[in-house]
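Chemist: A single structure is presented below for examination.
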Amino acid sequence: HDAIARLNYAGFSKRGNCTATLISKTAALTAKHCVENRPVKNIHLVFGYARGEWAEHRRIKSAHAHKTRDIAILCLSKRSRVKPIPVGRRTRTRKITKGTTTGYKRSRPHLPSSETCPFQAG
């Protein structure tokens, strides 16, 4: 899905990558540890990245990390053309459903990997 981005960061002595998800045309969700102690000028989002190809590249204007949880919201420097993945939908029923996680593993940094697992909504 093009809304899944490889988050690339580089600095004087460190570089690496994480995963982020576009949740609106101007914001992405990632893990706090992916952006902690990193200047936003060194963070790039590459949406739909696979084997050197991508749908869109965006820089980050600001990062807002949660105080106690491992989550952060990234504000994009320019509005995205990619269709975001909505989060936080409320449901009226409590039924078993499936969820999918997608990310760029260290062992496979150029292709996203997905895993589906059941969970109970509510």
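Ordering of the structure tokens sets the chain letters (A, B, ...), residue numbers begin anew at 1 in every chain, and ligands are numbered from 1 in the order given.
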Could you tell me, as a ChimeraX atom specification, which residues of stretch 29-116 of chain A DSSP assigns to strand (DSSP E) when given the backbone?

Modeler: /A:29-30,43-47,56-65,72-76,96-103,113-116

Chemist: Counting only C-alpha atoms, what is within 10 Å of stretch 102-112 of chain A, bar same-chain residues fewer than 4 positions away, as a list in words?

Modeler: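 In the requested format, the answer is His1, Ile4, Ala5, Arg6, Leu7, Gly16, Asn17, Cys18, Thr19, Ala20, Thr21, Gly48, Tyr49, Ala50, Arg51, Gly52, Glu53 and Thr116 of chain A.
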
Chemist: How far is it from atom CA of A:Ala72 to atom CA of A:Thr97, in Å with one decimal?

Modeler: 25.6 Å

Chemist: Quick one: residues within 10 Å of A:Gly11, only C-alpha atoms counted, chain neighbours fewer than 4 positions away excluded, as a PyMOL selection string?

Modeler: chain A and resi 15-16+38-39+41-43

Chemist: Let's have the selection written as an mmCIF file, in the first residue's frame, with all heavy atoms.

Modeler:
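For reference, result17.cif as written:
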```cif
data_model
loop_
_atom_site.group_PDB
_atom_site.id
_atom_site.type_symbol
_atom_site.label_atom_id
_atom_site.label_comp_id
_atom_site.auth_asym_id
_atom_site.auth_seq_id
_atom_site.Cartn_x
_atom_site.Cartn_y
_atom_site.Cartn_z
ATOM 1 N N ARG A 15 22.652 6.214 10.707
ATOM 2 C CA ARG A 15 21.593 6.244 9.709
ATOM 3 C C ARG A 15 20.830 4.928 9.816
ATOM 4 O O ARG A 15 21.350 3.933 10.319
ATOM 5 C CB ARG A 15 22.126 6.460 8.302
ATOM 6 C CG ARG A 15 22.969 5.333 7.777
ATOM 7 C CD ARG A 15 23.456 5.657 6.393
ATOM 8 N NE ARG A 15 24.326 4.579 5.963
ATOM 9 C CZ ARG A 15 24.554 4.280 4.720
ATOM 10 N NH1 ARG A 15 23.998 4.982 3.768
ATOM 11 N NH2 ARG A 15 25.348 3.296 4.412
ATOM 12 N N GLY A 16 19.607 4.952 9.358
ATOM 13 C CA GLY A 16 18.795 3.754 9.451
ATOM 14 C C GLY A 16 17.407 4.006 8.901
ATOM 15 O O GLY A 16 17.163 5.011 8.242
ATOM 16 N N ARG A 38 16.348 12.861 16.989
ATOM 17 C CA ARG A 38 16.761 13.032 15.587
ATOM 18 C C ARG A 38 16.175 14.337 15.064
ATOM 19 O O ARG A 38 14.970 14.551 15.163
ATOM 20 C CB ARG A 38 16.264 11.869 14.732
ATOM 21 C CG ARG A 38 16.955 10.572 15.077
ATOM 22 C CD ARG A 38 16.589 9.462 14.116
ATOM 23 N NE ARG A 38 17.394 8.303 14.381
ATOM 24 C CZ ARG A 38 17.053 7.343 15.239
ATOM 25 N NH1 ARG A 38 15.921 7.406 15.890
ATOM 26 N NH2 ARG A 38 17.847 6.312 15.440
ATOM 27 N N PRO A 39 16.992 15.200 14.490
ATOM 28 C CA PRO A 39 16.457 16.435 13.911
ATOM 29 C C PRO A 39 15.511 16.111 12.747
ATOM 30 O O PRO A 39 15.801 15.224 11.938
ATOM 31 C CB PRO A 39 17.696 17.181 13.406
ATOM 32 C CG PRO A 39 18.863 16.514 14.052
ATOM 33 C CD PRO A 39 18.444 15.116 14.376
ATOM 34 N N LYS A 41 15.018 17.596 10.103
ATOM 35 C CA LYS A 41 15.644 17.827 8.789
ATOM 36 C C LYS A 41 16.345 16.572 8.264
ATOM 37 O O LYS A 41 16.614 16.450 7.081
ATOM 38 C CB LYS A 41 16.626 19.000 8.846
ATOM 39 C CG LYS A 41 17.846 18.722 9.682
ATOM 40 C CD LYS A 41 18.788 19.892 9.698
ATOM 41 C CE LYS A 41 20.032 19.510 10.497
ATOM 42 N NZ LYS A 41 21.040 20.539 10.472
ATOM 43 N N ASN A 42 16.611 15.602 9.167
ATOM 44 C CA ASN A 42 17.296 14.367 8.774
ATOM 45 C C ASN A 42 16.335 13.210 8.514
ATOM 46 O O ASN A 42 16.767 12.089 8.290
ATOM 47 C CB ASN A 42 18.293 13.948 9.850
ATOM 48 C CG ASN A 42 19.421 14.935 10.015
ATOM 49 O OD1 ASN A 42 19.635 15.785 9.170
ATOM 50 N ND2 ASN A 42 20.134 14.842 11.109
ATOM 51 N N ILE A 43 15.020 13.473 8.582
ATOM 52 C CA ILE A 43 14.021 12.421 8.420
ATOM 53 C C ILE A 43 13.301 12.580 7.088
ATOM 54 O O ILE A 43 12.848 13.670 6.751
ATOM 55 C CB ILE A 43 12.993 12.445 9.571
ATOM 56 C CG1 ILE A 43 13.700 12.231 10.919
ATOM 57 C CG2 ILE A 43 11.914 11.389 9.357
ATOM 58 C CD1 ILE A 43 12.817 12.450 12.119
#
```

Chemist: Using only C-alpha atoms, which of the listed residues (A:Ala31, A:Glu56, A:Thr101, A:Arg81) sits closest to A:Arg69?

Modeler: A:Ala31

Chemist: Kindly give the distance, in Å, that separates atom CA of A:Thr100 and atom CA of A:Pro86, rounded to a single decimal.

Modeler: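 Straight-line distance from atom CA of A:Thr100 to atom CA of A:Pro86 works out to 13.6 Å.
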
Chemist: Which distance in Å separates atom CA of A:Thr30 and atom CA of A:Ala65, to one decimal?

Modeler: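 So the answer is 9.2 Å.
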
Chemist: Quick one: pick out all helix (DSSP H, G or I) residues within chain A from a backbone DSSP run and write them as a list in words.

Modeler: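 Put together, the selection reads Lys32, His33, Cys34, Val35, Val40, Lys41 and Asn42 of chain A.
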
Chemist: For A:Ile23, please output as a short mmCIF file (atom, residue, chain, number, x, y, z; two decimals) with C-alpha atoms, in the first residue's frame all residues within 10 Å (counting only C-alpha atoms; exclusion window: fewer than 4 positions along the same chain).

Modeler:
```
data_model
loop_
_atom_site.label_atom_id
_atom_site.label_comp_id
_atom_site.auth_asym_id
_atom_site.auth_seq_id
_atom_site.Cartn_x
_atom_site.Cartn_y
_atom_site.Cartn_z
CA ALA A 3 0.37 4.88 2.45
CA ILE A 4 3.04 2.75 4.16
CA ALA A 27 0.35 13.58 8.88
CA ALA A 28 1.96 10.18 9.40
CA LEU A 29 2.08 7.87 12.41
CA ILE A 73 2.82 12.01 14.75
CA LEU A 74 4.88 13.46 11.90
CA LYS A 83 -4.49 8.05 -0.16
CA PRO A 84 -4.11 7.80 3.64
CA ILE A 85 -5.14 4.86 5.82
CA PRO A 86 -7.76 6.01 8.36
CA VAL A 87 -7.26 5.00 12.00
#
```

Chemist: Which is closest to A:Asn37 among A:Lys98, A:Lys78, A:Arg59, A:Lys14, if we use only C-alpha atoms?

Modeler: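 The closest residue to A:Asn37 is A:Lys14.
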